[in-house]
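The structure appears below as C-alpha cells.
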Amino acid sequence: MTEEKQIVKLVITGPVNAGKTTMVQNLSDSQIAATDVAATDQVSQLKAMTTVGLDFGILKIDDSLEMHLFGTPGQARFNFMWKILSKGAIGAIFLVDSTSDESMLEMKKMFEYFSENVDLPVVVGATKQDLPGAKSPDEIAALLELGDTMVIPVDARVKEGSKMLALTLLGNALVEAQAGDEEFDDDNYDYDELF
Amino acid sequence: MNSLVYLRRMIINQKPARLDYTKGSVTKSIYYERAGFEGSHNEVAQKLREVFEADSVNVVTSTDFNPLTSKRIFAPQAISSALAGYTFNAEMRASLLSFTMRLPPLIVRLYPMQRYAFQDNSAYMKMHMQYQHNGSFRMQSYVSQAENTRDEIVRLRVMMATYILGLIAPMNAPRNENHQVTQSMLQRNAPQSRKRKTSILSRIIDRIRGL
C-alpha cells in the first residue's frame with residue numbers, strides 16, 4: 001500500500017507586475033501552470049502579459065511531503081480566493097513593486113483584506129529596489145500600515161532572493177511554532193530550563 | 001539570570017501576569033497584560049532594568065488584577081527602551097555570558113525591531129544573516145566574535161532582547177517525523193499538531209536551502 005503524500009501550500013501574492021510568477025518558478029521543481037494572457041486595461045501599461053488565473057508550481061520536499069506554490073492574481077478583486085488558498089497553507093509572501101504608487105495602493109487593499117480575514121505567517125518582499133524612485137522597506141511598511149510584518153528588499157528575478165524570502169517566512173513560522181511548544185505550567189515549570 | 005526566563009515566559013504566554021522582583025531588601029512588581037507592560041514609558045524601562053538585575057523574581061498569572069493605569073507599553077517597545085544604552089557591571093556580564101553558554105543551537109525570527117527604536121537593530125540583522133547563512137545559530141559563537149568590550153555589550157543586549165521577546169527558539173524540531181497532517185491539524189493549536197508543524201517547516205527549510 002502506498003502512503004499518501006502530505007501537501008502544504010505556500011501562497012505568493014501581491015499587486016500586478018511585482019514578480020510573483022518569477023518567484024513561483026524560482027521555488028518550484030517544475031511549473032505546472034502559468035495562466036498568463038495579454039494584458040488589457042491599465043495593466044497593459046505595466047507589462048504585456050499578466051496572470052489571470054493561478055501560477056502553480058510544486059516543490060517536492062521528500063518522499064512524503066510536497067509543497068504546492070500558488071501565485072495568485074495581482075488584483076484586489078481576487079481577494080475571495082484566500083478562503084480556499086489559506087486552507088492547509090504554511091504562509092504567505094506578498095510582493096510589492098517599490099517604485100509604483102499604483103502597486104502600493106493595490107497592495108494596501110489586498111493586505112487589509114488579508115489582515116482581517118486570513119491568519120497565516122506573512123512577509124512582504126519589496127521588489128525593484130535597484131530602480132530610481134524606489135521606496136525603502138521602512139517607507140513601504142509605514143505607507144501600507146503593515147504593523148509587525150517584516151518588509152524585506154528582494155530581487156525576485158534572482159533565485160537566491162526568492163530563497164531568502166521564503167526562508168525568512170518559514171524561519172519566522174518555525175520560531176513561532178517552537179515558542180508555542182514551550183509549556184507554561186507555572187506550578188510545575190522549572191525556571192532553570194531556558195526553553 | 002533567570003529573570004530573563006521569567007520575562008520570556010510572561011511575554012510568550014500572552015496572559016495577564018504580575019512579576020514580583022526583589023533587589024536587596026526591596027520588592028517591587030510590574031504588570032503585564034494585553035501584550036504590554038503597565039506604566040509610562042520611563043517607568044516600564046526603569047522597572048525592566050531592575051528586573052534584569054534582581055536577586056529573585058517570581059511570576060503570578062491571574063486575570064484578576066486591578067491595573068493602576070490604562071497605559072501599556074508594547075513588549076518590543078518596552079524591551080527596546082530598557083536596553084537602550086544599557087550597560088552592566090562585571091558580575092552581570094559574567095551572568096549573561098554564563099546564560100549565553102547554556103543556549104542550544106537556535107533558530108532566529110526576523111522581526112521589525114527598528115520600528116520600536118531598538119538601538120542594536122543592525123547587530124540583530126547580522127545575527128539573522130548568520131542564521132540564514134548557516135541554517136542554525138550559535139549564540140556562544142556570536143558573542144565570542146565580539147571585536148571589543150563595547151561590541152560584546154551590544155551582542156549581549158541583542159541576546160537579551162531576542163530571548164525575552166521569543167525571537168529565538170531552540171533548533172530541536174523532530175525533522176524526521178512522518179505523520180499524516182491534515183489541514184485542520186495545521187490550524188489547530190494542540191501541542192502534537194505543533195510538533196508536526198515544526199517537523200514540516202524544518203523539512204521544507206532544509207529543502208529550500210538546498211535549491
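Identifiers for the C-alpha cells are assigned positionally: chains receive A, B, ... in sequence, residues are indexed from 1 per chain, and ligands are indexed from 1 in the order shown.
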Report task. Write out as JSON, numbers by chain the residues lying within 12 Å of A:Lys83, counting only C-alpha atoms and excluding same-chain residues fewer than 4 positions away. Result -> {"A": [11, 78, 79, 87, 88, 89, 113, 114, 116, 117, 118, 119, 120]}
Report task. Please provide as a PyMOL selection string all residues within 10 Å of A:Met67, with the sequence filter that same-chain residues fewer than 3 positions apart are discarded (counting only C-alpha atoms). Result -> (chain A and resi 6-10+27-28+57-62+70+89-90) or (chain B and resi 200+204)
Within 6 Å of chain A, which residues of chain B show up? Give each one with its shortest atom-to-atom distance in Å (one decimal) and the two atoms involved, counting only C-alpha atoms, rows by chain then rising residue number, as a Markdown table.
```
| residue | atom | partner | partner_atom | distance |
| --- | --- | --- | --- | --- |
| B:Arg109 | CA | A:Asn172 | CA | 4.5 |
| B:Pro112 | CA | A:Met150 | CA | 5.6 |
| B:Ala169 | CA | A:Val175 | CA | 5.6 |
| B:Gln183 | CA | A:Gly88 | CA | 4.4 |
| B:Thr198 | CA | A:Leu174 | CA | 5.9 |
| B:Ile204 | CA | A:Ile61 | CA | 6.0 |
| B:Arg207 | CA | A:Ile61 | CA | 5.8 |
```
Please produce a file of the residues just selected, as a compact mmCIF listing (two decimals), in the first residue's frame, where the atoms kept are N, CA, C and O atoms.
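Just written: out.txt:
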```
# COMPACT_ATOMS: atom_id res chain seq x y z
N ARG B 109 14.11 34.43 14.47
CA ARG B 109 12.99 35.06 13.76
C ARG B 109 13.37 36.48 13.38
O ARG B 109 13.99 37.20 14.18
N PRO B 112 10.51 43.25 12.84
CA PRO B 112 10.89 44.66 12.57
C PRO B 112 11.17 45.46 13.82
O PRO B 112 10.45 46.40 14.17
N ALA B 169 14.51 30.53 19.24
CA ALA B 169 13.95 29.29 19.80
C ALA B 169 14.93 28.17 19.52
O ALA B 169 15.74 28.27 18.60
N GLN B 183 -5.33 19.40 6.96
CA GLN B 183 -5.43 20.85 7.01
C GLN B 183 -5.86 21.31 8.40
O GLN B 183 -5.34 22.29 8.94
N THR B 198 6.16 21.87 13.17
CA THR B 198 7.58 22.23 13.20
C THR B 198 8.40 21.24 12.36
O THR B 198 9.36 21.62 11.70
N ILE B 204 10.90 21.57 5.01
CA ILE B 204 10.80 22.49 3.85
C ILE B 204 12.00 23.45 3.84
O ILE B 204 12.58 23.74 2.79
N ARG B 207 14.97 21.77 2.49
CA ARG B 207 14.85 21.56 1.04
C ARG B 207 15.13 22.86 0.27
O ARG B 207 15.86 22.85 -0.73
```
Requested in this report: Might you pull out every residue within 12 Å of B:Gln46, with only C-alpha atoms counted and same-chain residues fewer than 5 positions away left off, and present them as number ranges by chain?
Outcome: B: 28-30, 37, 39-41, 51-53, 78-84, 86
Write the residues you've just listed into a file as a JSON list (two decimals), in the first residue's frame, and include N, CA, C and O atoms for each of them.
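Full text of out_37.json as output:
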```json
[["chain", "number", "residue", "atom", "x", "y", "z"],
["B", 28, "LYS", "N", 9.43, 44.86, 44.40],
["B", 28, "LYS", "CA", 8.52, 45.64, 43.55],
["B", 28, "LYS", "C", 7.81, 44.71, 42.58],
["B", 28, "LYS", "O", 8.16, 43.53, 42.46],
["B", 29, "SER", "N", 6.86, 45.27, 41.83],
["B", 29, "SER", "CA", 6.12, 44.46, 40.86],
["B", 29, "SER", "C", 5.97, 45.22, 39.55],
["B", 29, "SER", "O", 5.96, 46.45, 39.53],
["B", 30, "ILE", "N", 5.83, 44.44, 38.48],
["B", 30, "ILE", "CA", 5.48, 45.02, 37.19],
["B", 30, "ILE", "C", 4.38, 44.14, 36.59],
["B", 30, "ILE", "O", 4.44, 42.92, 36.68],
["B", 37, "PHE", "N", 3.40, 46.10, 29.00],
["B", 37, "PHE", "CA", 3.68, 46.30, 30.42],
["B", 37, "PHE", "C", 2.96, 47.56, 30.88],
["B", 37, "PHE", "O", 2.92, 48.56, 30.17],
["B", 39, "GLY", "N", 2.24, 50.95, 32.73],
["B", 39, "GLY", "CA", 3.00, 52.10, 33.21],
["B", 39, "GLY", "C", 3.42, 53.01, 32.08],
["B", 39, "GLY", "O", 3.14, 52.74, 30.90],
["B", 40, "SER", "N", 4.08, 54.10, 32.46],
["B", 40, "SER", "CA", 4.57, 55.02, 31.43],
["B", 40, "SER", "C", 5.84, 54.43, 30.82],
["B", 40, "SER", "O", 6.44, 53.49, 31.36],
["B", 41, "HIS", "N", 6.24, 55.02, 29.72],
["B", 41, "HIS", "CA", 7.43, 54.58, 29.01],
["B", 41, "HIS", "C", 8.64, 54.48, 29.94],
["B", 41, "HIS", "O", 9.31, 53.45, 30.03],
["B", 51, "VAL", "N", 14.47, 44.53, 36.92],
["B", 51, "VAL", "CA", 14.19, 43.09, 36.83],
["B", 51, "VAL", "C", 15.43, 42.34, 36.34],
["B", 51, "VAL", "O", 15.78, 41.28, 36.88],
["B", 52, "PHE", "N", 16.10, 42.89, 35.32],
["B", 52, "PHE", "CA", 17.31, 42.23, 34.79],
["B", 52, "PHE", "C", 18.31, 41.95, 35.92],
["B", 52, "PHE", "O", 19.00, 40.95, 35.91],
["B", 53, "GLU", "N", 18.39, 42.88, 36.87],
["B", 53, "GLU", "CA", 19.43, 42.79, 37.90],
["B", 53, "GLU", "C", 18.89, 42.32, 39.25],
["B", 53, "GLU", "O", 19.58, 42.40, 40.26],
["B", 78, "ALA", "N", 8.94, 48.18, 24.96],
["B", 78, "ALA", "CA", 9.43, 48.23, 26.35],
["B", 78, "ALA", "C", 10.84, 47.66, 26.47],
["B", 78, "ALA", "O", 11.71, 48.25, 27.12],
["B", 79, "ILE", "N", 11.05, 46.50, 25.83],
["B", 79, "ILE", "CA", 12.37, 45.88, 25.92],
["B", 79, "ILE", "C", 13.42, 46.73, 25.19],
["B", 79, "ILE", "O", 14.55, 46.90, 25.68],
["B", 80, "SER", "N", 13.03, 47.31, 24.04],
["B", 80, "SER", "CA", 13.96, 48.20, 23.32],
["B", 80, "SER", "C", 14.37, 49.37, 24.20],
["B", 80, "SER", "O", 15.55, 49.74, 24.27],
["B", 81, "SER", "N", 13.40, 49.97, 24.88],
["B", 81, "SER", "CA", 13.69, 51.12, 25.73],
["B", 81, "SER", "C", 14.57, 50.72, 26.91],
["B", 81, "SER", "O", 15.51, 51.43, 27.26],
["B", 82, "ALA", "N", 14.25, 49.58, 27.53],
["B", 82, "ALA", "CA", 15.02, 49.15, 28.70],
["B", 82, "ALA", "C", 16.48, 48.85, 28.32],
["B", 82, "ALA", "O", 17.39, 49.08, 29.11],
["B", 83, "LEU", "N", 16.67, 48.39, 27.09],
["B", 83, "LEU", "CA", 18.03, 48.01, 26.68],
["B", 83, "LEU", "C", 18.79, 49.15, 26.00],
["B", 83, "LEU", "O", 19.99, 49.02, 25.74],
["B", 84, "ALA", "N", 18.11, 50.26, 25.74],
["B", 84, "ALA", "CA", 18.78, 51.38, 25.07],
["B", 84, "ALA", "C", 19.88, 51.94, 25.98],
["B", 84, "ALA", "O", 19.61, 52.44, 27.07],
["B", 86, "TYR", "N", 21.89, 50.36, 27.71],
["B", 86, "TYR", "CA", 22.06, 49.56, 28.94],
["B", 86, "TYR", "C", 23.46, 48.94, 28.98],
["B", 86, "TYR", "O", 23.90, 48.29, 28.05]]
```
Query raised in the report: Do you know which residues are at most 12 Å from stretch 95-97 of chain B counting only C-alpha atoms, after dropping those on the same chain fewer than 4 positions away, and could you put them as an NGL selection string?
Result: :B and (1-4 or 52-55 or 87-91 or 101-103 or 139-144 or 152-153 or 155-160 or 163)
Kindly export the residues of the current selection with N, CA and C atoms, as an mmCIF file, in the first residue's frame.
```cif
data_model
loop_
_atom_site.group_PDB
_atom_site.id
_atom_site.type_symbol
_atom_site.label_atom_id
_atom_site.label_comp_id
_atom_site.auth_asym_id
_atom_site.auth_seq_id
_atom_site.Cartn_x
_atom_site.Cartn_y
_atom_site.Cartn_z
ATOM 1 N N MET B 1 20.404 34.440 36.671
ATOM 2 C CA MET B 1 19.980 35.155 35.453
ATOM 3 C C MET B 1 18.607 34.692 34.992
ATOM 4 N N ASN B 2 17.842 34.064 35.915
ATOM 5 C CA ASN B 2 16.582 33.532 35.420
ATOM 6 C C ASN B 2 15.483 34.587 35.298
ATOM 7 N N SER B 3 15.810 35.844 35.569
ATOM 8 C CA SER B 3 14.806 36.887 35.307
ATOM 9 C C SER B 3 14.474 36.946 33.817
ATOM 10 N N LEU B 4 15.444 36.631 32.969
ATOM 11 C CA LEU B 4 15.173 36.603 31.527
ATOM 12 C C LEU B 4 14.166 35.503 31.190
ATOM 13 N N PHE B 52 16.097 42.893 35.318
ATOM 14 C CA PHE B 52 17.311 42.234 34.793
ATOM 15 C C PHE B 52 18.310 41.954 35.923
ATOM 16 N N GLU B 53 18.392 42.879 36.870
ATOM 17 C CA GLU B 53 19.428 42.788 37.896
ATOM 18 C C GLU B 53 18.892 42.317 39.246
ATOM 19 N N ALA B 54 17.656 41.824 39.258
ATOM 20 C CA ALA B 54 17.036 41.434 40.527
ATOM 21 C C ALA B 54 17.718 40.211 41.133
ATOM 22 N N ASP B 55 17.658 40.138 42.474
ATOM 23 C CA ASP B 55 18.191 38.956 43.159
ATOM 24 C C ASP B 55 17.247 37.776 42.990
ATOM 25 N N THR B 87 24.149 49.173 30.089
ATOM 26 C CA THR B 87 25.466 48.546 30.280
ATOM 27 C C THR B 87 25.428 47.770 31.596
ATOM 28 N N PHE B 88 26.437 46.958 31.804
ATOM 29 C CA PHE B 88 26.381 46.153 33.020
ATOM 30 C C PHE B 88 27.762 46.012 33.654
ATOM 31 N N ASN B 89 27.740 45.689 34.948
ATOM 32 C CA ASN B 89 28.997 45.524 35.681
ATOM 33 C C ASN B 89 29.562 44.121 35.427
ATOM 34 N N ALA B 90 30.720 43.854 36.039
ATOM 35 C CA ALA B 90 31.410 42.578 35.776
ATOM 36 C C ALA B 90 30.575 41.377 36.203
ATOM 37 N N GLU B 91 29.857 41.543 37.301
ATOM 38 C CA GLU B 91 29.055 40.422 37.810
ATOM 39 C C GLU B 91 27.910 40.095 36.839
ATOM 40 N N MET B 101 26.092 30.707 27.345
ATOM 41 C CA MET B 101 26.739 29.401 27.157
ATOM 42 C C MET B 101 25.725 28.256 27.253
ATOM 43 N N ARG B 102 24.635 28.494 27.944
ATOM 44 C CA ARG B 102 23.647 27.428 28.136
ATOM 45 C C ARG B 102 22.665 27.322 26.970
ATOM 46 N N LEU B 103 22.683 28.299 26.062
ATOM 47 C CA LEU B 103 21.700 28.284 24.969
ATOM 48 C C LEU B 103 22.072 27.213 23.927
ATOM 49 N N MET B 139 24.619 31.169 19.698
ATOM 50 C CA MET B 139 24.781 32.449 20.389
ATOM 51 C C MET B 139 26.188 32.567 20.994
ATOM 52 N N GLN B 140 26.724 31.426 21.433
ATOM 53 C CA GLN B 140 28.066 31.447 22.030
ATOM 54 C C GLN B 140 29.087 32.001 21.047
ATOM 55 N N SER B 141 29.014 31.507 19.785
ATOM 56 C CA SER B 141 29.971 31.978 18.774
ATOM 57 C C SER B 141 29.744 33.455 18.489
ATOM 58 N N TYR B 142 28.473 33.810 18.371
ATOM 59 C CA TYR B 142 28.120 35.193 18.041
ATOM 60 C C TYR B 142 28.696 36.154 19.083
ATOM 61 N N VAL B 143 28.525 35.826 20.347
ATOM 62 C CA VAL B 143 29.006 36.726 21.400
ATOM 63 C C VAL B 143 30.531 36.698 21.475
ATOM 64 N N SER B 144 31.099 35.516 21.297
ATOM 65 C CA SER B 144 32.564 35.424 21.425
ATOM 66 C C SER B 144 33.295 36.088 20.251
ATOM 67 N N GLU B 152 30.780 43.563 22.534
ATOM 68 C CA GLU B 152 30.254 42.444 23.330
ATOM 69 C C GLU B 152 28.986 42.867 24.071
ATOM 70 N N ILE B 153 28.990 44.086 24.588
ATOM 71 C CA ILE B 153 27.796 44.592 25.285
ATOM 72 C C ILE B 153 26.605 44.619 24.324
ATOM 73 N N ARG B 155 26.152 42.815 21.627
ATOM 74 C CA ARG B 155 25.720 41.451 21.289
ATOM 75 C C ARG B 155 24.960 40.807 22.448
ATOM 76 N N LEU B 156 25.389 41.106 23.674
ATOM 77 C CA LEU B 156 24.659 40.557 24.826
ATOM 78 C C LEU B 156 23.269 41.196 24.938
ATOM 79 N N ARG B 157 23.187 42.476 24.587
ATOM 80 C CA ARG B 157 21.857 43.124 24.598
ATOM 81 C C ARG B 157 20.941 42.501 23.538
ATOM 82 N N VAL B 158 21.521 42.173 22.388
ATOM 83 C CA VAL B 158 20.725 41.519 21.338
ATOM 84 C C VAL B 158 20.264 40.142 21.823
ATOM 85 N N MET B 159 21.159 39.451 22.504
ATOM 86 C CA MET B 159 20.784 38.146 23.071
ATOM 87 C C MET B 159 19.601 38.324 24.027
ATOM 88 N N MET B 160 19.708 39.326 24.904
ATOM 89 C CA MET B 160 18.633 39.544 25.889
ATOM 90 C C MET B 160 17.303 39.845 25.180
ATOM 91 N N TYR B 163 15.936 36.812 23.156
ATOM 92 C CA TYR B 163 15.486 35.734 24.044
ATOM 93 C C TYR B 163 14.161 36.113 24.724
#
```
Requested in this report: Mind checking which residues fall within 9 Å of B:His128, counting only C-alpha atoms, ignoring those fewer than 4 positions away in the same chain, and posting them as JSON, numbers by chain?
Outcome: {"B": [107, 108, 109, 110, 123, 124, 132, 133, 137]}
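Counting from atom CA of A:Asp130, the distance to atom CA of A:Asn17 is 15.3 Å.
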Report task. Write out as number ranges by chain all residues of stretch 79-205 of chain B that backbone DSSP assigns to alpha helix (DSSP H). Result -> B: 79-83, 90-101, 121-134, 139-144, 149-164, 183-187, 191-205
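Pairwise distance (atom CA of A:Phe94, atom CA of A:Gly14) equals 4.9 Å.
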Requested in this report: Would you please extract all strand (DSSP E) residues from stretch 42-192 of chain A, as assigned by DSSP on the backbone, and give them as a ChimeraX atom specification?
Outcome: /A:49-62,65-71,89-97,122-127,151-153
Resulting file, chosen residues, N, CA and C atoms, as a short mmCIF file (atom, residue, chain, number, x, y, z; two decimals), in the first residue's frame:
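Produced file out-v7.cif, reproduced below:
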```
data_model
loop_
_atom_site.label_atom_id
_atom_site.label_comp_id
_atom_site.auth_asym_id
_atom_site.auth_seq_id
_atom_site.Cartn_x
_atom_site.Cartn_y
_atom_site.Cartn_z
N MET A 49 2.10 40.75 -20.62
CA MET A 49 1.34 39.58 -20.20
C MET A 49 1.04 39.69 -18.70
N THR A 50 -0.12 39.23 -18.27
CA THR A 50 -0.41 39.21 -16.84
C THR A 50 -1.12 37.91 -16.49
N THR A 51 -1.09 37.56 -15.18
CA THR A 51 -1.67 36.30 -14.75
C THR A 51 -3.14 36.50 -14.42
N VAL A 52 -4.01 35.73 -15.06
CA VAL A 52 -5.44 35.86 -14.76
C VAL A 52 -5.95 34.74 -13.86
N GLY A 53 -5.35 33.60 -13.92
CA GLY A 53 -5.75 32.51 -13.04
C GLY A 53 -4.71 32.39 -11.96
N LEU A 54 -4.12 31.21 -11.86
CA LEU A 54 -3.09 31.00 -10.84
C LEU A 54 -1.80 30.56 -11.50
N ASP A 55 -0.69 31.02 -10.96
CA ASP A 55 0.57 30.33 -11.25
C ASP A 55 0.62 29.18 -10.28
N PHE A 56 1.07 28.04 -10.73
CA PHE A 56 1.10 26.89 -9.84
C PHE A 56 2.40 26.13 -10.06
N GLY A 57 3.07 25.83 -8.98
CA GLY A 57 4.29 25.04 -9.06
C GLY A 57 4.35 24.06 -7.91
N ILE A 58 5.21 23.05 -8.06
CA ILE A 58 5.36 22.05 -6.99
C ILE A 58 6.83 21.95 -6.61
N LEU A 59 7.08 21.93 -5.32
CA LEU A 59 8.43 21.63 -4.83
C LEU A 59 8.33 20.35 -4.01
N LYS A 60 8.98 19.32 -4.52
CA LYS A 60 8.99 18.06 -3.78
C LYS A 60 9.97 18.20 -2.62
N ILE A 61 9.48 18.00 -1.39
CA ILE A 61 10.33 18.16 -0.21
C ILE A 61 11.06 16.86 0.09
N ASP A 62 10.30 15.76 0.19
CA ASP A 62 10.88 14.43 0.34
C ASP A 62 9.84 13.43 -0.15
N LEU A 65 6.33 14.39 1.38
CA LEU A 65 5.86 15.77 1.55
C LEU A 65 6.11 16.59 0.28
N GLU A 66 5.08 17.31 -0.12
CA GLU A 66 5.19 18.23 -1.26
C GLU A 66 4.70 19.61 -0.85
N MET A 67 5.36 20.63 -1.37
CA MET A 67 4.84 21.98 -1.17
C MET A 67 4.29 22.48 -2.50
N HIS A 68 3.04 22.91 -2.49
CA HIS A 68 2.43 23.47 -3.70
C HIS A 68 2.47 24.99 -3.61
N LEU A 69 2.99 25.59 -4.64
CA LEU A 69 3.13 27.05 -4.65
C LEU A 69 2.04 27.67 -5.52
N PHE A 70 1.33 28.60 -4.94
CA PHE A 70 0.26 29.28 -5.67
C PHE A 70 0.63 30.75 -5.83
N GLY A 71 0.76 31.19 -7.05
CA GLY A 71 0.94 32.62 -7.32
C GLY A 71 -0.41 33.18 -7.72
N ALA A 89 -2.36 26.09 4.22
CA ALA A 89 -1.19 26.90 3.83
C ALA A 89 -0.26 27.11 5.02
N ILE A 90 1.04 27.17 4.74
CA ILE A 90 2.00 27.39 5.82
C ILE A 90 2.41 28.84 5.90
N GLY A 91 2.05 29.64 4.90
CA GLY A 91 2.41 31.06 4.97
C GLY A 91 2.12 31.76 3.66
N ALA A 92 2.30 33.07 3.70
CA ALA A 92 2.05 33.88 2.51
C ALA A 92 3.19 34.88 2.31
N ILE A 93 3.58 35.03 1.06
CA ILE A 93 4.57 36.04 0.70
C ILE A 93 3.86 37.08 -0.17
N PHE A 94 3.90 38.33 0.26
CA PHE A 94 3.39 39.42 -0.57
C PHE A 94 4.59 40.07 -1.27
N LEU A 95 4.44 40.32 -2.56
CA LEU A 95 5.47 41.07 -3.29
C LEU A 95 4.87 42.40 -3.73
N VAL A 96 5.64 43.46 -3.57
CA VAL A 96 5.15 44.77 -4.00
C VAL A 96 6.25 45.49 -4.77
N ASP A 97 5.84 46.15 -5.85
CA ASP A 97 6.77 46.93 -6.68
C ASP A 97 7.09 48.23 -5.93
N VAL A 122 3.33 35.77 7.52
CA VAL A 122 3.46 36.55 6.29
C VAL A 122 4.74 37.38 6.31
N VAL A 123 5.35 37.54 5.14
CA VAL A 123 6.40 38.55 4.96
C VAL A 123 6.10 39.31 3.67
N VAL A 124 6.64 40.51 3.58
CA VAL A 124 6.47 41.31 2.36
C VAL A 124 7.83 41.48 1.71
N GLY A 125 7.90 41.16 0.43
CA GLY A 125 9.13 41.39 -0.34
C GLY A 125 8.99 42.66 -1.16
N ALA A 126 9.92 43.58 -0.98
CA ALA A 126 9.89 44.83 -1.75
C ALA A 126 10.79 44.66 -2.96
N THR A 127 10.18 44.56 -4.15
CA THR A 127 10.97 44.32 -5.36
C THR A 127 11.36 45.63 -6.03
N VAL A 151 9.23 43.77 6.16
CA VAL A 151 9.41 44.11 4.74
C VAL A 151 10.88 43.89 4.38
N ILE A 152 11.12 43.09 3.36
CA ILE A 152 12.49 42.71 3.03
C ILE A 152 12.78 43.06 1.57
N PRO A 153 13.85 43.79 1.29
CA PRO A 153 14.21 44.06 -0.10
C PRO A 153 14.55 42.76 -0.81
#
```
Report summary line: One decimal place gives the atom CA of A:Thr13-atom CA of A:Val154 separation as 14.3 Å
